[in-house]
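Student: Have a peek at entry05.cif (mmCIF, C-alpha atoms).
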```cif
data_data
#
loop_
_atom_site.label_atom_id
_atom_site.label_comp_id
_atom_site.auth_asym_id
_atom_site.auth_seq_id
_atom_site.Cartn_x
_atom_site.Cartn_y
_atom_site.Cartn_z
CA MET A 14 118.03 12.70 129.27
CA ARG A 15 114.27 12.62 129.68
CA MET A 16 113.07 15.15 132.21
CA LYS A 17 110.02 14.74 134.45
CA GLN A 18 106.97 16.58 133.19
CA ARG A 19 103.86 18.08 134.77
CA TYR A 20 100.53 18.53 133.05
CA ILE A 21 98.11 21.37 133.82
CA LEU A 22 94.43 20.98 132.98
CA VAL A 23 92.69 24.25 132.11
CA GLN A 24 89.06 24.90 131.33
CA ILE A 25 88.44 27.26 128.43
CA HIS A 26 85.83 29.96 128.98
CA PRO A 27 83.38 30.93 127.57
CA TYR A 28 81.73 27.58 126.96
CA GLY A 29 81.33 26.75 123.30
CA VAL A 30 84.62 28.31 122.20
CA ALA A 31 86.80 25.71 120.46
CA PRO A 32 90.18 27.25 119.71
CA ASP A 33 92.81 25.46 117.65
CA GLN A 34 95.56 23.70 119.66
CA ARG A 35 98.23 25.69 117.81
CA GLU A 36 96.54 28.98 118.62
CA VAL A 37 96.31 28.02 122.31
CA TYR A 38 100.02 27.18 122.25
CA PHE A 39 100.85 30.61 120.79
CA ALA A 40 98.80 32.30 123.52
CA VAL A 41 100.48 30.21 126.25
CA ALA A 42 103.97 30.87 124.86
CA GLU A 43 103.28 34.63 124.62
CA ALA A 44 101.92 34.77 128.18
CA VAL A 45 104.82 32.76 129.67
CA THR A 46 107.49 34.74 127.79
CA SER A 47 105.86 38.05 128.62
CA LEU A 48 105.58 37.28 132.34
CA TRP A 49 108.73 35.27 133.06
CA GLY A 50 111.04 36.09 130.15
CA ASP A 51 112.77 34.00 127.51
CA VAL A 52 115.10 32.17 129.91
CA ALA A 53 112.33 30.88 132.20
CA ALA A 54 110.11 30.08 129.22
CA GLY A 55 112.92 28.11 127.62
CA LEU A 56 113.57 26.14 130.80
CA ALA A 57 109.88 25.46 131.45
CA GLN A 58 109.28 24.22 127.88
CA PRO A 59 105.51 24.84 127.88
CA ALA A 60 103.52 22.93 125.27
CA VAL A 61 99.85 22.28 124.62
CA VAL A 62 99.35 18.52 124.31
CA PHE A 63 95.57 18.42 124.14
CA CYS A 64 92.78 20.84 123.28
CA GLY A 65 89.12 19.90 122.97
CA GLY A 66 85.78 19.67 124.72
CA GLY A 67 86.30 23.01 126.43
CA TYR A 68 89.57 21.92 128.04
CA ALA A 69 93.28 22.14 127.24
CA VAL A 70 96.24 20.31 128.76
CA VAL A 71 99.48 22.28 129.06
CA ARG A 72 102.73 20.36 129.58
CA CYS A 73 105.74 21.85 131.34
CA ARG A 74 108.90 20.76 133.18
CA ARG A 75 108.36 19.58 136.74
CA GLY A 76 108.98 22.40 139.21
CA THR A 77 107.76 25.11 136.85
CA GLU A 78 104.05 24.27 136.98
CA LYS A 79 103.20 27.06 139.45
CA ASP A 80 104.88 29.68 137.27
CA ILE A 81 103.16 28.36 134.17
CA ALA A 82 99.78 28.30 135.95
CA THR A 83 100.32 31.94 136.96
CA ALA A 84 101.12 32.86 133.37
CA LEU A 85 97.99 31.03 132.18
CA THR A 86 95.84 33.36 134.30
CA THR A 87 97.14 36.32 132.27
CA ILE A 88 95.83 34.94 128.97
CA THR A 89 92.93 37.07 127.73
CA THR A 90 92.74 36.20 124.03
CA VAL A 91 93.39 33.22 121.78
CA ALA A 92 93.49 34.02 118.07
CA ASP A 93 91.74 37.37 118.64
CA GLU A 94 88.93 35.66 120.52
CA ARG A 95 88.36 36.69 124.13
CA VAL A 96 88.86 33.73 126.47
CA ALA A 97 89.85 32.88 130.01
CA LEU A 98 91.83 29.77 130.91
CA ARG A 99 90.93 28.54 134.38
CA THR A 100 93.31 26.07 135.98
CA VAL A 101 91.46 22.96 137.16
CA ALA A 102 94.24 20.59 138.24
CA THR A 103 97.91 19.73 137.90
CA SER A 104 99.15 16.14 137.57
CA GLY A 105 102.05 13.99 136.47
CA THR A 106 99.92 12.09 133.96
CA ILE A 107 97.43 13.10 131.27
CA ARG A 108 95.30 10.11 132.24
CA ALA A 109 94.64 11.54 135.71
CA LEU A 110 93.62 14.86 134.17
CA ARG A 111 91.24 13.20 131.70
CA ARG A 112 89.28 11.91 134.67
CA ARG A 113 88.79 15.51 135.82
CA MET A 114 87.35 16.66 132.46
CA ARG A 115 83.61 17.14 132.53
CA PRO A 116 82.62 18.68 129.21
CA ILE A 117 79.81 21.20 129.59
CA GLN A 118 77.19 20.75 126.90
CA PRO A 119 74.70 23.47 125.97
CA LEU A 120 71.09 22.72 126.88
CA PRO A 121 68.87 21.95 123.88
CA GLU A 122 66.63 25.05 124.17
CA ALA A 123 68.38 27.49 121.83
CA GLY A 124 66.78 30.63 120.45
CA GLU A 125 67.23 34.20 119.36
CA VAL A 126 66.89 37.49 121.17
CA THR A 127 67.28 41.16 120.20
CA ILE A 128 69.12 43.45 122.62
CA GLU A 129 69.73 47.11 121.82
CA GLY A 130 69.04 46.50 118.16
CA HIS A 131 71.47 43.59 117.85
CA GLN A 132 70.37 40.03 117.22
CA PHE A 133 71.91 37.38 119.45
CA MET A 134 71.87 33.59 119.39
CA VAL A 135 70.95 32.19 122.80
CA HIS A 136 73.03 29.33 124.23
CA ARG A 137 71.79 27.95 127.51
CA TYR A 138 74.04 26.11 129.97
CA PRO A 139 73.48 24.39 133.31
CA ARG A 140 73.05 26.54 136.45
CA GLN A 141 70.81 29.05 134.63
CA LYS A 142 73.71 30.43 132.59
CA VAL A 143 72.85 32.02 129.25
CA ASP A 144 75.50 33.07 126.73
CA LEU A 145 74.38 35.39 123.95
CA VAL A 146 76.48 35.44 120.79
CA GLU A 147 75.79 38.17 118.25
CA LYS A 148 74.71 36.91 114.86
CA GLY A 149 77.30 37.63 112.22
CA ILE A 150 80.41 36.33 110.56
CA MET A 151 83.30 38.11 112.31
CA HIS A 152 83.99 39.89 115.62
CA GLN A 153 80.66 38.95 117.14
CA LYS A 154 79.92 40.48 120.50
CA SER A 155 79.14 38.12 123.38
CA LEU A 156 76.97 38.86 126.39
CA PHE A 157 76.79 36.74 129.53
CA PHE A 158 73.42 36.65 131.24
CA THR A 159 71.41 34.38 133.49
CA GLU A 160 67.96 32.96 132.77
CA THR A 161 66.42 35.54 135.14
CA ASP A 162 68.17 38.43 133.37
CA LEU A 163 66.79 37.25 130.05
CA GLU A 164 63.26 36.90 131.44
CA GLU A 165 63.40 40.45 132.85
CA ARG A 166 64.02 41.88 129.33
CA MET B 21 85.00 35.92 153.81
CA ALA B 22 86.51 36.65 150.38
CA THR B 23 85.33 39.75 148.53
CA ASP B 24 86.20 40.84 145.03
CA ALA B 25 86.39 44.58 145.70
CA ASN B 26 85.41 45.82 142.27
CA VAL B 27 83.47 44.44 139.32
CA CYS B 28 81.72 46.47 136.62
CA PRO B 29 78.73 44.56 135.26
CA TYR B 30 76.45 45.19 132.26
CA PRO B 31 75.86 47.80 130.78
CA ALA B 32 79.45 48.96 131.49
CA GLY B 33 80.66 45.43 130.78
CA ASP B 34 79.30 42.46 128.90
CA SER B 35 78.12 40.32 131.85
CA THR B 36 75.16 40.97 134.08
CA LEU B 37 75.45 41.38 137.82
CA ALA B 38 73.69 38.08 138.49
CA ARG B 39 76.00 36.22 136.11
CA MET B 40 79.10 37.80 137.61
CA ALA B 41 77.86 36.89 141.09
CA LEU B 42 77.27 33.31 139.91
CA GLU B 43 80.80 33.09 138.48
CA ALA B 44 82.30 34.73 141.60
CA ALA B 45 80.63 32.10 143.76
CA GLU B 46 82.15 29.36 141.58
CA LEU B 47 85.55 31.07 141.84
CA GLY B 48 85.49 30.97 145.64
CA PHE B 49 84.15 34.41 146.59
CA ASP B 50 81.51 35.13 149.23
CA SER B 51 80.72 38.65 148.08
CA ILE B 52 81.47 41.20 145.37
CA VAL B 53 81.42 44.98 145.22
CA THR B 54 79.70 46.21 142.11
CA ILE B 55 80.24 49.59 140.50
CA GLY B 56 77.06 50.43 138.61
CA GLY B 57 75.15 47.57 137.06
CA GLU B 58 71.49 46.74 136.84
CA GLY B 59 69.23 43.73 136.87
CA SER B 60 68.32 40.92 139.19
CA GLN B 61 68.99 41.36 142.89
CA SER B 62 68.64 37.66 143.68
CA CYS B 63 72.29 36.69 143.54
CA GLU B 64 74.04 33.62 144.92
CA ILE B 65 76.42 35.70 146.99
CA GLU B 66 76.28 39.01 148.82
CA VAL B 67 76.45 41.98 146.45
CA LEU B 68 77.65 45.29 147.85
CA ARG B 69 77.08 48.56 146.02
CA GLY B 70 80.14 50.70 145.41
CA ILE B 71 80.67 54.14 143.96
CA VAL B 72 83.83 55.58 142.42
CA ILE B 73 84.67 59.23 142.95
CA SER B 74 87.04 60.86 140.52
CA ALA B 75 87.77 64.32 141.79
CA PRO B 76 90.54 66.86 141.26
CA SER B 77 90.54 68.15 144.86
CA GLN B 78 89.65 67.30 148.45
CA LYS B 79 86.79 69.83 148.34
CA GLU B 80 85.27 68.04 145.38
CA ILE B 81 85.49 64.64 147.14
CA ILE B 82 83.69 66.06 150.19
CA ARG B 83 81.01 67.52 147.88
CA GLN B 84 80.56 64.19 146.10
CA VAL B 85 80.45 61.96 149.20
CA ARG B 86 77.48 64.03 150.44
CA LYS B 87 75.43 63.26 147.32
CA PRO B 88 72.61 60.70 147.75
CA ALA B 89 74.31 58.23 145.38
CA ALA B 90 77.35 58.09 147.64
CA ARG B 91 75.27 57.96 150.81
CA ASN B 92 73.40 54.92 149.49
CA ALA B 93 76.59 53.10 148.51
CA ASP B 94 78.14 50.47 150.78
CA VAL B 95 81.71 51.20 149.69
CA ILE B 96 83.08 54.55 148.51
CA PHE B 97 86.17 54.44 146.30
CA VAL B 98 88.30 57.42 145.33
CA ASN B 99 90.66 57.34 142.37
CA ALA B 100 94.23 58.07 143.45
CA GLY B 101 95.94 61.23 142.32
CA ASP B 102 99.14 63.07 143.24
CA ILE B 103 100.80 63.09 146.68
CA PRO B 104 98.81 65.96 148.33
CA PHE B 105 95.55 64.63 146.90
CA ASN B 106 96.12 61.11 148.27
CA ARG B 107 97.15 62.45 151.68
CA ALA B 108 93.93 64.47 151.80
CA ALA B 109 91.72 61.67 150.40
CA VAL B 110 92.70 59.08 153.04
CA SER B 111 91.81 61.52 155.82
CA ILE B 112 88.19 61.96 154.68
CA ARG B 113 86.01 59.88 157.00
CA GLU B 114 83.47 58.80 154.35
CA VAL B 115 86.11 57.44 151.95
CA HIS B 116 86.59 53.69 152.33
CA VAL B 117 89.11 52.77 149.62
CA ILE B 118 91.73 54.53 147.48
CA ARG B 119 91.91 52.82 144.10
CA ASN B 120 93.83 53.05 140.81
CA ILE B 121 97.17 53.32 142.59
CA HIS B 122 98.84 51.67 139.59
CA ALA B 123 97.76 54.63 137.41
CA ALA B 124 99.15 57.23 139.82
CA ARG B 125 102.73 58.50 139.72
CA LYS B 126 105.45 56.53 141.50
CA ASN B 127 105.40 57.18 145.28
CA ALA B 128 102.10 59.06 144.96
CA PHE B 129 100.97 57.05 147.98
CA ASP B 130 103.72 57.82 150.44
CA HIS B 131 104.46 57.12 154.11
CA VAL B 132 102.37 60.10 155.30
CA ALA B 133 99.31 58.84 153.41
CA ALA B 134 100.06 55.30 154.66
CA ARG B 135 100.12 56.45 158.29
CA SER B 136 96.86 58.38 157.88
CA ALA B 137 95.26 55.38 156.14
CA ALA B 138 96.29 53.11 159.02
CA GLU B 139 94.92 55.55 161.62
CA ARG B 140 91.58 56.03 159.87
CA GLY B 141 91.18 52.50 158.52
CA THR B 142 91.10 53.61 154.89
CA ALA B 143 92.06 50.81 152.52
CA VAL B 144 94.11 50.86 149.35
CA ASP B 145 92.96 48.72 146.44
CA ILE B 146 95.18 46.38 144.47
CA SER B 147 93.65 45.80 141.07
CA LEU B 148 94.61 42.59 139.29
CA LEU B 149 93.61 44.11 135.97
CA PRO B 150 97.00 45.66 135.10
CA ILE B 151 98.78 42.39 135.95
CA ILE B 152 96.43 40.38 133.74
CA GLN B 153 95.79 42.78 130.88
CA TYR B 154 98.97 44.82 130.55
CA ARG B 155 102.22 43.67 129.02
CA GLY B 156 105.80 44.98 129.13
CA ILE B 157 106.71 48.23 130.82
CA ARG B 158 103.15 49.05 131.95
CA ARG B 159 102.85 45.76 133.84
CA GLN B 160 106.35 46.19 135.27
CA ARG B 161 105.37 49.63 136.60
CA ALA B 162 102.18 48.26 138.14
CA LEU B 163 104.10 45.43 139.84
CA GLN B 164 106.64 47.95 141.17
CA GLN B 165 103.86 50.18 142.51
CA TYR B 166 102.23 47.22 144.25
CA ALA B 167 105.55 46.07 145.72
CA ASP B 168 106.12 49.58 147.13
CA LEU B 169 102.57 49.60 148.49
CA LEU B 170 103.15 46.24 150.16
CA THR B 171 106.30 47.56 151.85
CA LEU B 172 104.28 50.48 153.26
CA LYS B 173 101.47 48.14 154.31
CA ARG B 174 103.89 45.93 156.25
CA ARG B 175 105.31 48.97 158.00
CA TYR B 176 102.14 50.96 158.78
CA ASP B 177 99.51 48.19 158.66
CA PHE B 178 96.73 49.89 156.70
CA PRO B 179 94.12 47.63 155.10
CA LEU B 180 94.42 46.45 151.50
CA THR B 181 91.66 45.22 149.23
CA ILE B 182 92.05 43.10 146.09
CA SER B 183 89.83 43.58 143.07
CA SER B 184 89.62 42.04 139.64
CA GLY B 185 88.17 45.19 138.05
CA ALA B 186 86.35 42.76 135.77
CA ARG B 187 83.90 44.00 133.15
CA SER B 188 83.26 40.47 131.99
CA ILE B 189 83.11 36.99 133.50
CA LEU B 190 86.19 36.31 131.35
CA GLU B 191 88.14 38.86 133.41
CA GLN B 192 87.17 37.42 136.80
CA ARG B 193 89.82 35.32 138.52
CA SER B 194 89.55 32.79 141.33
CA VAL B 195 90.88 33.30 144.85
CA ARG B 196 93.70 30.84 144.11
CA GLU B 197 94.61 32.58 140.86
CA ALA B 198 94.61 35.94 142.66
CA GLN B 199 97.01 34.48 145.22
CA SER B 200 99.44 33.41 142.51
CA LEU B 201 99.19 36.81 140.79
CA CYS B 202 99.76 38.67 144.07
CA ALA B 203 102.78 36.45 144.75
CA LEU B 204 104.40 38.14 141.73
CA PHE B 205 105.01 41.26 143.83
CA GLY B 206 105.75 39.41 147.05
CA MET B 207 102.38 39.15 148.76
CA THR B 208 102.03 36.07 150.93
CA GLY B 209 98.98 33.81 151.05
CA THR B 210 98.04 35.12 154.51
CA GLU B 211 98.24 38.73 153.32
CA VAL B 212 96.06 37.91 150.31
CA ARG B 213 93.42 36.23 152.49
CA GLU B 214 93.48 39.20 154.86
CA ALA B 215 93.09 41.62 151.93
CA PHE B 216 90.16 39.62 150.54
CA SER B 217 88.37 39.83 153.88
CA SER B 218 89.08 43.50 154.58
CA VAL B 219 86.03 44.95 152.76
CA GLY B 220 83.77 43.55 155.50
CA ARG B 221 85.95 45.10 158.18
CA ILE B 222 86.02 48.47 156.39
CA ILE B 223 82.27 48.83 156.05
CA GLU B 224 81.63 47.47 159.53
CA PRO B 225 84.66 48.45 161.60
CA GLU B 226 85.17 46.98 165.06
CA ARG B 227 84.02 49.49 167.65
CA PRO B 228 83.63 49.34 171.41
CA VAL B 229 80.30 47.88 172.51
CA ARG B 230 77.73 50.59 173.37
CA VAL B 231 75.03 49.93 175.91
CA VAL B 232 71.78 51.33 174.53
CA GLY B 233 68.86 52.17 176.86
#
```
Give the structure from the file, written as structure tokens.
Tutor:
Amino acid sequence: MRMKQRYILVQIHPYGVAPDQREVYFAVAEAVTSLWGDVAAGLAQPAVVFCGGGYAVVRCRRGTEKDIATALTTITTVADERVALRTVATSGTIRALRRRMRPIQPLPEAGEVTIEGHQFMVHRYPRQKVDLVEKGIMHQKSLFFTETDLEER
Amino acid sequence: MATDANVCPYPAGDSTLARMALEAAELGFDSIVTIGGEGSQSCEIEVLRGIVISAPSQKEIIRQVRKPAARNADVIFVNAGDIPFNRAAVSIREVHVIRNIHAARKNAFDHVAARSAAERGTAVDISLLPIIQYRGIRRQRALQQYADLLTLKRRYDFPLTISSGARSILEQRSVREAQSLCALFGMTGTEVREAFSSVGRIIEPERPVRVVG
């Protein structure tokens, strides 16, 4: 018998991080199992049905969406990358959630800055937000500033 | 008024005070209490300065609260310790909040400390950090400690504060998310809202009106 489903739209922070759908699923499954246990996780049947543009859609059984949303707040990493998943909305259809997606694009003025001897790539976002990502191949450090903070340096 | 009772911005964390304030505003907060941090003072929301005192004895707390750094702070936190320490700490007038209860031993904050806290208006902080970051037995212990604390709060009616303990914008959580996390140990929505607004009441307690002049 087909059960009713609920879909949870989450925004992935920091902006610019694009994790793989599979990796997001593993993080969701770990968080749900760790918080609610195997039985609840099995009954809720969480799954990631969409991941892209800074958003992910998590599917679960109707009636378990609050528990799943609580578990989503305990996610701190996806594939060893530090993230936060912020719940935006819950709905019975993916279509309704797609209307709530407003992808946040970086502003064109990129650049470089050196802080404490480390070189960072500058990514600017609306509302004066500036994300600094250390230049390198692996385990880059990220700093989160505002335009004013950057000007003061 | 919702206040995140503890954030640790750059250089302790990876996000500046202004950025954390910006994120807090988006997450539904009206003010934050910052421990340390530097940079721009022009923030979107009210930023209160806090100081954390880690002391082995009551004498040491009294010595530290008289230092200029503590006198200039809006909120003075003391890290919880064993039973006698916590009983003594809540009775010090300058101390506003007892924090790190989850790291103290079970029942370290007992009914005697709870009664004193209620009489003097000293708050106890509930940090969301162990619920978000810890897994397994450590998180279970934290939830148990918070559930015990909530039982004492309902009986003696001392103030609670809720903090994210965030060192990064990625560790900050919204008011709604905090409500769902606090529901894990039985806190109701009303209690969460009251706890979020208690920092304002602690730093500016209600007193009888004085006629001056």
Student: Give the residues of chain A that lie within 10 Å of chain B; count all atoms listed in the file, and format the answer as a PDB file with C-alpha atoms, keeping the file's coordinate frame.
Tutor:
```pdb
ATOM      1  CA  ILE A  25      88.440  27.260 128.430  1.00  0.00           C
ATOM      2  CA  HIS A  26      85.830  29.960 128.980  1.00  0.00           C
ATOM      3  CA  PRO A  27      83.380  30.930 127.570  1.00  0.00           C
ATOM      4  CA  ALA A  44     101.920  34.770 128.180  1.00  0.00           C
ATOM      5  CA  SER A  47     105.860  38.050 128.620  1.00  0.00           C
ATOM      6  CA  LEU A  48     105.580  37.280 132.340  1.00  0.00           C
ATOM      7  CA  LYS A  79     103.200  27.060 139.450  1.00  0.00           C
ATOM      8  CA  ASP A  80     104.880  29.680 137.270  1.00  0.00           C
ATOM      9  CA  ALA A  82      99.780  28.300 135.950  1.00  0.00           C
ATOM     10  CA  THR A  83     100.320  31.940 136.960  1.00  0.00           C
ATOM     11  CA  ALA A  84     101.120  32.860 133.370  1.00  0.00           C
ATOM     12  CA  LEU A  85      97.990  31.030 132.180  1.00  0.00           C
ATOM     13  CA  THR A  86      95.840  33.360 134.300  1.00  0.00           C
ATOM     14  CA  THR A  87      97.140  36.320 132.270  1.00  0.00           C
ATOM     15  CA  ILE A  88      95.830  34.940 128.970  1.00  0.00           C
ATOM     16  CA  THR A  89      92.930  37.070 127.730  1.00  0.00           C
ATOM     17  CA  THR A  90      92.740  36.200 124.030  1.00  0.00           C
ATOM     18  CA  ARG A  95      88.360  36.690 124.130  1.00  0.00           C
ATOM     19  CA  VAL A  96      88.860  33.730 126.470  1.00  0.00           C
ATOM     20  CA  ALA A  97      89.850  32.880 130.010  1.00  0.00           C
ATOM     21  CA  LEU A  98      91.830  29.770 130.910  1.00  0.00           C
ATOM     22  CA  ARG A  99      90.930  28.540 134.380  1.00  0.00           C
ATOM     23  CA  THR A 100      93.310  26.070 135.980  1.00  0.00           C
ATOM     24  CA  ARG A 140      73.050  26.540 136.450  1.00  0.00           C
ATOM     25  CA  GLN A 141      70.810  29.050 134.630  1.00  0.00           C
ATOM     26  CA  LYS A 142      73.710  30.430 132.590  1.00  0.00           C
ATOM     27  CA  VAL A 143      72.850  32.020 129.250  1.00  0.00           C
ATOM     28  CA  ASP A 144      75.500  33.070 126.730  1.00  0.00           C
ATOM     29  CA  LEU A 145      74.380  35.390 123.950  1.00  0.00           C
ATOM     30  CA  LYS A 154      79.920  40.480 120.500  1.00  0.00           C
ATOM     31  CA  SER A 155      79.140  38.120 123.380  1.00  0.00           C
ATOM     32  CA  LEU A 156      76.970  38.860 126.390  1.00  0.00           C
ATOM     33  CA  PHE A 157      76.790  36.740 129.530  1.00  0.00           C
ATOM     34  CA  PHE A 158      73.420  36.650 131.240  1.00  0.00           C
ATOM     35  CA  THR A 159      71.410  34.380 133.490  1.00  0.00           C
ATOM     36  CA  GLU A 160      67.960  32.960 132.770  1.00  0.00           C
ATOM     37  CA  THR A 161      66.420  35.540 135.140  1.00  0.00           C
ATOM     38  CA  ASP A 162      68.170  38.430 133.370  1.00  0.00           C
ATOM     39  CA  LEU A 163      66.790  37.250 130.050  1.00  0.00           C
ATOM     40  CA  GLU A 165      63.400  40.450 132.850  1.00  0.00           C
ATOM     41  CA  ARG A 166      64.020  41.880 129.330  1.00  0.00           C
TER      42      ARG A 166
END
```
Student: Report, in Å to a single decimal, how far apart atom CA of A:Ala123 and atom CA of A:Val135 are.
Tutor: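 Atom CA of A:Val135 sits 5.4 Å away from atom CA of A:Ala123.
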Student: Calculated over only C-alpha atoms, which of the candidates B:Ile82, B:Ala45, B:Val212, B:Ala75 has the smallest distance to B:Cys63?
Tutor: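 Counting only C-alpha atoms, the residue closest to B:Cys63 is B:Ala45.
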Student: Applied to the shown file, which residues does the PyMOL selection byres ((chain B and resi 181) around 12) return, written as a PyMOL selection string?
Tutor: chain B and resi 22-26+52-53+95+97+116-121+141-148+166+169-170+173+178-180+182-185+198+202+211-222
Student: Generate the output file for the selected residues, C-alpha atoms, as a CSV table (one decimal), keeping the file's coordinate frame.
Tutor:
```csv
chain,number,residue,atom,x,y,z
B,22,ALA,CA,86.5,36.6,150.4
B,23,THR,CA,85.3,39.8,148.5
B,24,ASP,CA,86.2,40.8,145.0
B,25,ALA,CA,86.4,44.6,145.7
B,26,ASN,CA,85.4,45.8,142.3
B,52,ILE,CA,81.5,41.2,145.4
B,53,VAL,CA,81.4,45.0,145.2
B,95,VAL,CA,81.7,51.2,149.7
B,97,PHE,CA,86.2,54.4,146.3
B,116,HIS,CA,86.6,53.7,152.3
B,117,VAL,CA,89.1,52.8,149.6
B,118,ILE,CA,91.7,54.5,147.5
B,119,ARG,CA,91.9,52.8,144.1
B,120,ASN,CA,93.8,53.0,140.8
B,121,ILE,CA,97.2,53.3,142.6
B,141,GLY,CA,91.2,52.5,158.5
B,142,THR,CA,91.1,53.6,154.9
B,143,ALA,CA,92.1,50.8,152.5
B,144,VAL,CA,94.1,50.9,149.4
B,145,ASP,CA,93.0,48.7,146.4
B,146,ILE,CA,95.2,46.4,144.5
B,147,SER,CA,93.6,45.8,141.1
B,148,LEU,CA,94.6,42.6,139.3
B,166,TYR,CA,102.2,47.2,144.2
B,169,LEU,CA,102.6,49.6,148.5
B,170,LEU,CA,103.2,46.2,150.2
B,173,LYS,CA,101.5,48.1,154.3
B,178,PHE,CA,96.7,49.9,156.7
B,179,PRO,CA,94.1,47.6,155.1
B,180,LEU,CA,94.4,46.4,151.5
B,182,ILE,CA,92.0,43.1,146.1
B,183,SER,CA,89.8,43.6,143.1
B,184,SER,CA,89.6,42.0,139.6
B,185,GLY,CA,88.2,45.2,138.0
B,198,ALA,CA,94.6,35.9,142.7
B,202,CYS,CA,99.8,38.7,144.1
B,211,GLU,CA,98.2,38.7,153.3
B,212,VAL,CA,96.1,37.9,150.3
B,213,ARG,CA,93.4,36.2,152.5
B,214,GLU,CA,93.5,39.2,154.9
B,215,ALA,CA,93.1,41.6,151.9
B,216,PHE,CA,90.2,39.6,150.5
B,217,SER,CA,88.4,39.8,153.9
B,218,SER,CA,89.1,43.5,154.6
B,219,VAL,CA,86.0,45.0,152.8
B,220,GLY,CA,83.8,43.6,155.5
B,221,ARG,CA,86.0,45.1,158.2
B,222,ILE,CA,86.0,48.5,156.4
```
Student: Just so the selection is clear, what residues does the PyMOL selection byres ((chain A and resi 32) around 9) cover here, as JSON, numbers by chain?
Tutor: {"A": [25, 30, 31, 33, 34, 35, 36, 37, 64, 65, 67, 91, 92, 94]}
Student: Could you check how far atom CA of A:Arg137 sits from atom CA of A:Arg111, in Å to one decimal?
Tutor: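 Between atom CA of A:Arg137 and atom CA of A:Arg111 the gap works out to 24.8 Å.
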Student: Can you pull out the residues contacting A:Ala109? Cut-off 12 Å, using all atoms listed in the file, and skip same-chain residues under 6 positions away; I want them as a list in words.
Tutor: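 With the cut-off at 12 Å, the set is Arg19, Tyr20, Ile21, Leu22, Val70, Val101, Ala102 and Thr103 of chain A.
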Student: Just to confirm, what's the straight-line distance from atom CA of A:Arg74 to atom CA of A:Trp49 in Å (one decimal)?
Tutor: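 If I compute the distance from atom CA of A:Arg74 to atom CA of A:Trp49, I get 14.5 Å.
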Student: From the set A:Val23, A:Leu56, A:Ile107, A:Pro139, which residue has the shortest atom-to-atom contact distance to A:Pro121, counting only C-alpha atoms?
Tutor: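 Closest residue, counting only C-alpha atoms: A:Pro139.
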Student: What lies within 7 Å of stretch 124-134 of chain B using all atoms listed in the file, ignoring chain neighbours under 6 positions off, as a list in words?
Tutor: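 Within the cut-off, the hits are Ala100, Gly101, Asp102, Ile103, Asn106, Arg107, Val110, Gln165, Leu172, Tyr176 and Phe178 of chain B.
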Student: Run through the PyMOL selection byres ((chain B and resi 96) around 8) on the given coordinates and return the selected residues as number ranges by chain.
Tutor: B: 70-73, 85, 90, 93-95, 97-98, 114-117
Student: Counting all atoms listed in the file, which of B:Val195, B:Arg175, B:Gln84, B:Asp168 gets nearest to B:Asp50?
Tutor: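 With all atoms listed in the file as the atom set, the closest residue is B:Val195.
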Student: Can you complete the atoms of stretch 43-50 of chain A to N, CA, C and O atoms and list them as a PDB file, in the coordinates of the input?
Tutor:
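This went into result.pdb:
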```pdb
ATOM      1  N   GLU A  43     103.206  33.161 124.487  1.00  0.00           N
ATOM      2  CA  GLU A  43     103.280  34.630 124.620  1.00  0.00           C
ATOM      3  C   GLU A  43     103.138  35.033 126.090  1.00  0.00           C
ATOM      4  O   GLU A  43     103.891  35.866 126.594  1.00  0.00           O
ATOM      5  N   ALA A  44     102.170  34.405 126.771  1.00  0.00           N
ATOM      6  CA  ALA A  44     101.920  34.770 128.180  1.00  0.00           C
ATOM      7  C   ALA A  44     103.118  34.403 129.057  1.00  0.00           C
ATOM      8  O   ALA A  44     103.526  35.195 129.905  1.00  0.00           O
ATOM      9  N   VAL A  45     103.686  33.220 128.844  1.00  0.00           N
ATOM     10  CA  VAL A  45     104.820  32.760 129.670  1.00  0.00           C
ATOM     11  C   VAL A  45     106.043  33.643 129.399  1.00  0.00           C
ATOM     12  O   VAL A  45     106.703  34.099 130.338  1.00  0.00           O
ATOM     13  N   THR A  46     106.319  33.922 128.136  1.00  0.00           N
ATOM     14  CA  THR A  46     107.490  34.740 127.790  1.00  0.00           C
ATOM     15  C   THR A  46     107.331  36.156 128.315  1.00  0.00           C
ATOM     16  O   THR A  46     108.277  36.747 128.835  1.00  0.00           O
ATOM     17  N   SER A  47     106.114  36.681 128.171  1.00  0.00           N
ATOM     18  CA  SER A  47     105.860  38.050 128.620  1.00  0.00           C
ATOM     19  C   SER A  47     106.014  38.185 130.141  1.00  0.00           C
ATOM     20  O   SER A  47     106.542  39.175 130.628  1.00  0.00           O
ATOM     21  N   LEU A  48     105.541  37.180 130.872  1.00  0.00           N
ATOM     22  CA  LEU A  48     105.580  37.280 132.340  1.00  0.00           C
ATOM     23  C   LEU A  48     106.934  36.884 132.920  1.00  0.00           C
ATOM     24  O   LEU A  48     107.453  37.562 133.796  1.00  0.00           O
ATOM     25  N   TRP A  49     107.521  35.800 132.425  1.00  0.00           N
ATOM     26  CA  TRP A  49     108.730  35.270 133.060  1.00  0.00           C
ATOM     27  C   TRP A  49     109.998  35.455 132.235  1.00  0.00           C
ATOM     28  O   TRP A  49     111.087  35.174 132.733  1.00  0.00           O
ATOM     29  N   GLY A  50     109.862  35.863 130.979  1.00  0.00           N
ATOM     30  CA  GLY A  50     111.040  36.090 130.150  1.00  0.00           C
ATOM     31  C   GLY A  50     111.451  34.862 129.357  1.00  0.00           C
ATOM     32  O   GLY A  50     110.958  33.749 129.591  1.00  0.00           O
TER      33      GLY A  50
END
```
